[in-house]
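Visitor: Below is one structure. I have some questions about it.
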Amino acid sequence: MPLKFLTDEQVEHFLERGHVTLRGCFPREVAREWTNRAFVRLGYDRNDAATWQEKRIHMPSLEHVDVKEFAPAVWDAACDLLGGEERIQQPYRWGDGFICNLGIGADRAWEPPSAQVKGWHKDGDFFCHFLDSPEQGLLTLVLWTDIAPQGGGTFVACDSVPVVARFLAEHPEGVRPNEFDFKELVGQCHDFIEATGEAGDVVLLHPYVLHATSQNHGGLARLITNPPIHLREPMNFNRADATDFSLVERAVLRGLGVEKLDFVPTAPRERIVPERVKKQQGVIDAEKARLAAAGVA
Ligand SMILES: O=C(O)CCC(=O)C(=O)O
Ligand SMILES: [Fe+2]
């Protein structure tokens, strides 16, 4: 499949280590505006860490942008990874549902990324997982603030794609989000990094990549988003022409050590409403009231 954006080096990096990092995808000034607004929504003073009561917050999304216009390089790279724009459900939008790490574990000694750290998971708390699931075509980390080492950068297990691929291939009946034994899965991984960078950077990851929240020892607020990108159809590991496999599909086949696979789910696909979303409904009104009081709404 001809690519329009990624270099051969980026392609190989994605296939071997499950991610590509794209720098400077949107202006830092825009990131600053969005994150300033987040602090108004939270009712916290950005410049006074003493007001940051909750250290871990997953905000709801109030506003959305179309990625094609907002961060065109990300759109182009996503098309390359997923096998072309016609395979992606559009519009592909990002929201302001920030995941804030305002000093998680700042009171504990720094633990580098390893299988012993708690909280490893595969994203997708809103569907039952199959090897070919279309609900989460890619995992995305959008950096809305600068993230220095030990400053809250998400931990990534770069060699987790083959591990998760084997597990899902063994479970054609599907795996519900709470049924994964992530501790056992991440125990098979050895290549760990911290996703650091600057506001405006974006990491596109294979949807199977295991990752975990890190501690934030930097004293600065860390805000990211994790928007999913949906495929129009489930992945297909049995395409007639091998050049039609997307890079995401190729990474799975490489992980399983096969050229092709006739994967057929044996149970219906299922959507799940996560507790996270149920809780967020109540938060939206409070955030809107704070924006209105600040004259920002
Ligand atoms: O906070 C982070 O660094 C990661 C968050 C995450 O992976 C999630 O909310 O699914
Ligand atoms: Fe996650």
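Chain labels run A, B, ... following the order of the structure tokens; each chain numbers its residues from 1, and ligands are numbered from 1 in the order shown.
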Kindly provide the residues of range 123-220 of chain A that approach range 62-79 of chain A to within 9 Å, each paired with its closest atom pair and their distance in Å to one decimal, based on only C-alpha atoms, listed by chain and increasing number, as JSON lines.

Guide:
```
{"residue": "A:Leu138", "atom": "CA", "partner": "A:Ala78", "partner_atom": "CA", "distance": 7.9}
{"residue": "A:Val202", "atom": "CA", "partner": "A:Val74", "partner_atom": "CA", "distance": 7.5}
{"residue": "A:Leu204", "atom": "CA", "partner": "A:Ala78", "partner_atom": "CA", "distance": 7.5}
```

Visitor: At a cut-off of 7 Å, using only C-alpha atoms, what residues contact range 150-160 of chain A? Leave out same-chain residues fewer than 5 positions from it and give the result as a PyMOL selection string.

Guide: chain A and resi 17-18+101+113+189-196+209-218+222

Visitor: Using DSSP on the backbone coordinates, identify all residues within range 215-251 of chain A classified as strand (DSSP E or B); present the result as a PyMOL selection string.

Guide: chain A and resi 216+222-225+229+231

Visitor: Show which residues sit within 6 Å of Gly97 in chain A, as a count of residues only. Count only C-alpha atoms, and ignore same-chain residues fewer than 3 positions away.

Guide: 3

Visitor: Please report, as a PyMOL selection string, each residue of range 17-163 of chain A to which DSSP assigns alpha helix (DSSP H) when run on this structure's backbone.

Guide: chain A and resi 17+28-42+67-70+72-82+161-163

Visitor: Work out how far CA of Gly105 in chain A is from CA of Arg32 in chain A, in Å to one decimal.

Guide: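 A separation of 24.6 Å between them.
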
Visitor: Closest to ligand 1 among A:Asp123, A:Glu29, A:Glu16, A:Glu9, using only C-alpha atoms and all ligand atoms?

Guide: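 Ranked by minimum distance to ligand 1, first place goes to A:Asp123.
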
Visitor: Nearest to ligand 2 among A:Asp125, A:Glu233, A:Glu270, A:Glu111, with distances taken over only C-alpha atoms and all ligand atoms: which residue is it?

Guide: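 Residue with the minimum atom-to-atom distance to ligand 2: A:Asp125.
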
Visitor: Pick the closest to Leu22 in chain A from A:Trp52, A:Ala199, A:Ala148, A:Leu247: which is it, counting only C-alpha atoms?

Guide: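 Residue with the minimum atom-to-atom distance to Leu22 in chain A: A:Ala199.
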
Visitor: Contacts of Trp34 in chain A at 12 Å or less, counting only C-alpha atoms, minus same-chain residues fewer than 3 places along, as a ChimeraX atom specification?

Guide: /A:26-31,37-41,61-65,95-98,143-145,199-200,223-225,296

Visitor: Atoms to include: N, CA and C atoms. Write the selected residues as a PDB file, in the first residue's frame.

Guide:
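Contents of the output file selection_3.pdb:
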```
ATOM      1  N   PHE A  26       0.727  20.734  16.200  1.00  0.00           N
ATOM      2  CA  PHE A  26      -0.142  21.914  16.304  1.00  0.00           C
ATOM      3  C   PHE A  26       0.578  22.937  17.177  1.00  0.00           C
ATOM      4  N   PRO A  27       0.218  24.230  17.030  1.00  0.00           N
ATOM      5  CA  PRO A  27       1.006  25.272  17.712  1.00  0.00           C
ATOM      6  C   PRO A  27       0.905  25.215  19.239  1.00  0.00           C
ATOM      7  N   ARG A  28       2.014  25.485  19.890  1.00  0.00           N
ATOM      8  CA  ARG A  28       2.020  25.462  21.359  1.00  0.00           C
ATOM      9  C   ARG A  28       1.085  26.525  21.944  1.00  0.00           C
ATOM     10  N   GLU A  29       0.908  27.642  21.203  1.00  0.00           N
ATOM     11  CA  GLU A  29       0.008  28.692  21.704  1.00  0.00           C
ATOM     12  C   GLU A  29      -1.423  28.153  21.809  1.00  0.00           C
ATOM     13  N   VAL A  30      -1.796  27.333  20.835  1.00  0.00           N
ATOM     14  CA  VAL A  30      -3.146  26.755  20.853  1.00  0.00           C
ATOM     15  C   VAL A  30      -3.262  25.792  22.041  1.00  0.00           C
ATOM     16  N   ALA A  31      -2.216  25.020  22.257  1.00  0.00           N
ATOM     17  CA  ALA A  31      -2.214  24.097  23.391  1.00  0.00           C
ATOM     18  C   ALA A  31      -2.355  24.889  24.704  1.00  0.00           C
ATOM     19  N   ARG A  37      -8.026  27.025  29.545  1.00  0.00           N
ATOM     20  CA  ARG A  37      -9.465  26.849  29.671  1.00  0.00           C
ATOM     21  C   ARG A  37      -9.780  25.631  30.558  1.00  0.00           C
ATOM     22  N   ALA A  38      -8.940  24.609  30.447  1.00  0.00           N
ATOM     23  CA  ALA A  38      -9.146  23.420  31.287  1.00  0.00           C
ATOM     24  C   ALA A  38      -9.043  23.788  32.765  1.00  0.00           C
ATOM     25  N   PHE A  39      -8.078  24.661  33.094  1.00  0.00           N
ATOM     26  CA  PHE A  39      -7.934  25.056  34.503  1.00  0.00           C
ATOM     27  C   PHE A  39      -9.147  25.848  34.990  1.00  0.00           C
ATOM     28  N   VAL A  40      -9.727  26.668  34.112  1.00  0.00           N
ATOM     29  CA  VAL A  40     -10.963  27.374  34.496  1.00  0.00           C
ATOM     30  C   VAL A  40     -12.060  26.348  34.752  1.00  0.00           C
ATOM     31  N   ARG A  41     -12.165  25.373  33.873  1.00  0.00           N
ATOM     32  CA  ARG A  41     -13.188  24.329  34.030  1.00  0.00           C
ATOM     33  C   ARG A  41     -13.021  23.576  35.343  1.00  0.00           C
ATOM     34  N   SER A  61     -15.278  15.791  27.421  1.00  0.00           N
ATOM     35  CA  SER A  61     -15.005  16.691  26.286  1.00  0.00           C
ATOM     36  C   SER A  61     -16.171  17.644  26.091  1.00  0.00           C
ATOM     37  N   LEU A  62     -15.860  18.935  26.026  1.00  0.00           N
ATOM     38  CA  LEU A  62     -16.901  19.937  25.757  1.00  0.00           C
ATOM     39  C   LEU A  62     -16.818  20.444  24.319  1.00  0.00           C
ATOM     40  N   GLU A  63     -15.607  20.508  23.785  1.00  0.00           N
ATOM     41  CA  GLU A  63     -15.400  21.048  22.427  1.00  0.00           C
ATOM     42  C   GLU A  63     -14.619  20.025  21.607  1.00  0.00           C
ATOM     43  N   HIS A  64     -14.837  20.082  20.281  1.00  0.00           N
ATOM     44  CA  HIS A  64     -14.134  19.144  19.381  1.00  0.00           C
ATOM     45  C   HIS A  64     -13.590  19.871  18.167  1.00  0.00           C
ATOM     46  N   VAL A  65     -12.519  19.319  17.612  1.00  0.00           N
ATOM     47  CA  VAL A  65     -11.988  19.826  16.335  1.00  0.00           C
ATOM     48  C   VAL A  65     -11.767  18.635  15.404  1.00  0.00           C
ATOM     49  N   GLY A  95     -11.158  15.964  21.178  1.00  0.00           N
ATOM     50  CA  GLY A  95     -11.880  16.811  22.110  1.00  0.00           C
ATOM     51  C   GLY A  95     -10.964  17.322  23.204  1.00  0.00           C
ATOM     52  N   ASP A  96     -11.567  18.072  24.120  1.00  0.00           N
ATOM     53  CA  ASP A  96     -10.797  18.615  25.239  1.00  0.00           C
ATOM     54  C   ASP A  96     -11.050  17.805  26.519  1.00  0.00           C
ATOM     55  N   GLY A  97     -11.187  16.520  26.364  1.00  0.00           N
ATOM     56  CA  GLY A  97     -11.362  15.617  27.515  1.00  0.00           C
ATOM     57  C   GLY A  97      -9.995  15.260  28.079  1.00  0.00           C
ATOM     58  N   PHE A  98      -9.379  16.228  28.716  1.00  0.00           N
ATOM     59  CA  PHE A  98      -7.984  16.058  29.162  1.00  0.00           C
ATOM     60  C   PHE A  98      -7.843  15.007  30.256  1.00  0.00           C
ATOM     61  N   LEU A 143      -0.020  15.430  23.305  1.00  0.00           N
ATOM     62  CA  LEU A 143       0.616  16.179  24.400  1.00  0.00           C
ATOM     63  C   LEU A 143       0.176  17.635  24.328  1.00  0.00           C
ATOM     64  N   TRP A 144      -0.537  18.064  25.369  1.00  0.00           N
ATOM     65  CA  TRP A 144      -1.032  19.450  25.424  1.00  0.00           C
ATOM     66  C   TRP A 144      -0.142  20.321  26.307  1.00  0.00           C
ATOM     67  N   THR A 145       0.786  19.682  27.026  1.00  0.00           N
ATOM     68  CA  THR A 145       1.767  20.425  27.828  1.00  0.00           C
ATOM     69  C   THR A 145       3.130  19.798  27.553  1.00  0.00           C
ATOM     70  N   ALA A 199       4.465  20.293  24.132  1.00  0.00           N
ATOM     71  CA  ALA A 199       3.083  20.586  23.745  1.00  0.00           C
ATOM     72  C   ALA A 199       3.022  20.650  22.223  1.00  0.00           C
ATOM     73  N   GLY A 200       2.092  19.914  21.644  1.00  0.00           N
ATOM     74  CA  GLY A 200       1.974  19.875  20.176  1.00  0.00           C
ATOM     75  C   GLY A 200       2.506  18.581  19.581  1.00  0.00           C
ATOM     76  N   LEU A 223      -1.024  17.566  30.907  1.00  0.00           N
ATOM     77  CA  LEU A 223      -2.326  17.315  30.296  1.00  0.00           C
ATOM     78  C   LEU A 223      -2.135  16.625  28.940  1.00  0.00           C
ATOM     79  N   ILE A 224      -2.801  15.489  28.785  1.00  0.00           N
ATOM     80  CA  ILE A 224      -2.804  14.794  27.490  1.00  0.00           C
ATOM     81  C   ILE A 224      -4.255  14.480  27.133  1.00  0.00           C
ATOM     82  N   THR A 225      -4.487  14.072  25.898  1.00  0.00           N
ATOM     83  CA  THR A 225      -5.749  13.397  25.554  1.00  0.00           C
ATOM     84  C   THR A 225      -5.394  12.088  24.882  1.00  0.00           C
ATOM     85  N   VAL A 296     -15.871  32.959  30.087  1.00  0.00           N
ATOM     86  CA  VAL A 296     -15.169  32.281  29.003  1.00  0.00           C
ATOM     87  C   VAL A 296     -16.145  31.528  28.094  1.00  0.00           C
TER      88      VAL A 296
END
```

Visitor: Would you mind telling me which residue in A:Asp244, A:Glu33, A:Asp45, A:Glu85 lies nearest to Ile229 in chain A when using only C-alpha atoms?

Guide: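 Selected residue with least distance to Ile229 in chain A: A:Glu85.
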
Visitor: What separation in Å, quoted to one decimal, exists between CA of Pro162 in chain A and CA of Cys25 in chain A?

Guide: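 Computing it gives 28.8 Å between the two atoms.
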
Visitor: For ligand 2, which of A:Arg166, A:His206, A:Lys122, A:His230 is the closest residue, counting only C-alpha atoms and all ligand atoms?

Guide: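 Among A:Arg166, A:His206, A:Lys122, A:His230, it is A:Lys122 that comes nearest to ligand 2.
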
Visitor: Quick one: residues within 10 Å of Pro177 in chain A, only C-alpha atoms counted, chain neighbours fewer than 3 positions away excluded, as JSON, numbers by chain?

Guide: {"A": [121, 122, 123, 124, 125, 126, 127, 128, 129, 174, 180, 181, 272, 274]}

Visitor: How would the residues just chosen look if you wrote them out with C-alpha atoms as an mmCIF file, in the first residue's frame?

Guide:
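Below is the file that was written, again-v6.cif:
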```
data_model
loop_
_atom_site.group_PDB
_atom_site.id
_atom_site.type_symbol
_atom_site.label_atom_id
_atom_site.label_comp_id
_atom_site.auth_asym_id
_atom_site.auth_seq_id
_atom_site.Cartn_x
_atom_site.Cartn_y
_atom_site.Cartn_z
ATOM 1 C CA HIS A 121 -3.731 -1.631 30.356
ATOM 2 C CA LYS A 122 -4.866 -1.685 26.764
ATOM 3 C CA ASP A 123 -7.262 1.152 25.952
ATOM 4 C CA GLY A 124 -10.911 0.576 25.118
ATOM 5 C CA ASP A 125 -13.114 0.474 28.211
ATOM 6 C CA PHE A 126 -16.126 0.926 25.912
ATOM 7 C CA PHE A 127 -16.169 -2.325 23.920
ATOM 8 C CA CYS A 128 -15.579 -6.063 24.037
ATOM 9 C CA HIS A 129 -12.143 -6.758 22.496
ATOM 10 C CA GLY A 174 -13.910 -11.730 22.883
ATOM 11 C CA PHE A 180 -7.652 -8.899 30.843
ATOM 12 C CA ASP A 181 -4.893 -10.075 33.165
ATOM 13 C CA ILE A 272 -20.092 -1.030 26.910
ATOM 14 C CA PRO A 274 -17.883 2.698 31.106
#
```

Visitor: Under the rule that only C-alpha atoms and all ligand atoms are counted, which of A:Leu205, A:Pro2, A:Ile104, A:Ala165 is the nearest residue to ligand 2?

Guide: A:Leu205

Visitor: Could you give me, as JSON, numbers by chain, the residues within 8 Å of Thr266 in chain A, counting only C-alpha atoms and dropping anything in the same chain fewer than 2 positions from it?

Guide: {"A": [172, 173, 174, 264, 268]}

Visitor: Would you save the residues from that selection as a PDB file, in the first residue's frame, using C-alpha atoms?

Guide:
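To be explicit, this is the file written out as part-v4.pdb:
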```pdb
ATOM      1  CA  PRO A 172     -12.156 -15.456  19.548  1.00  0.00           C
ATOM      2  CA  GLU A 173     -15.098 -15.247  21.969  1.00  0.00           C
ATOM      3  CA  GLY A 174     -13.910 -11.730  22.883  1.00  0.00           C
ATOM      4  CA  VAL A 264     -13.515 -15.067  12.871  1.00  0.00           C
ATOM      5  CA  PRO A 268     -21.214 -10.720  18.809  1.00  0.00           C
TER       6      PRO A 268
END
```
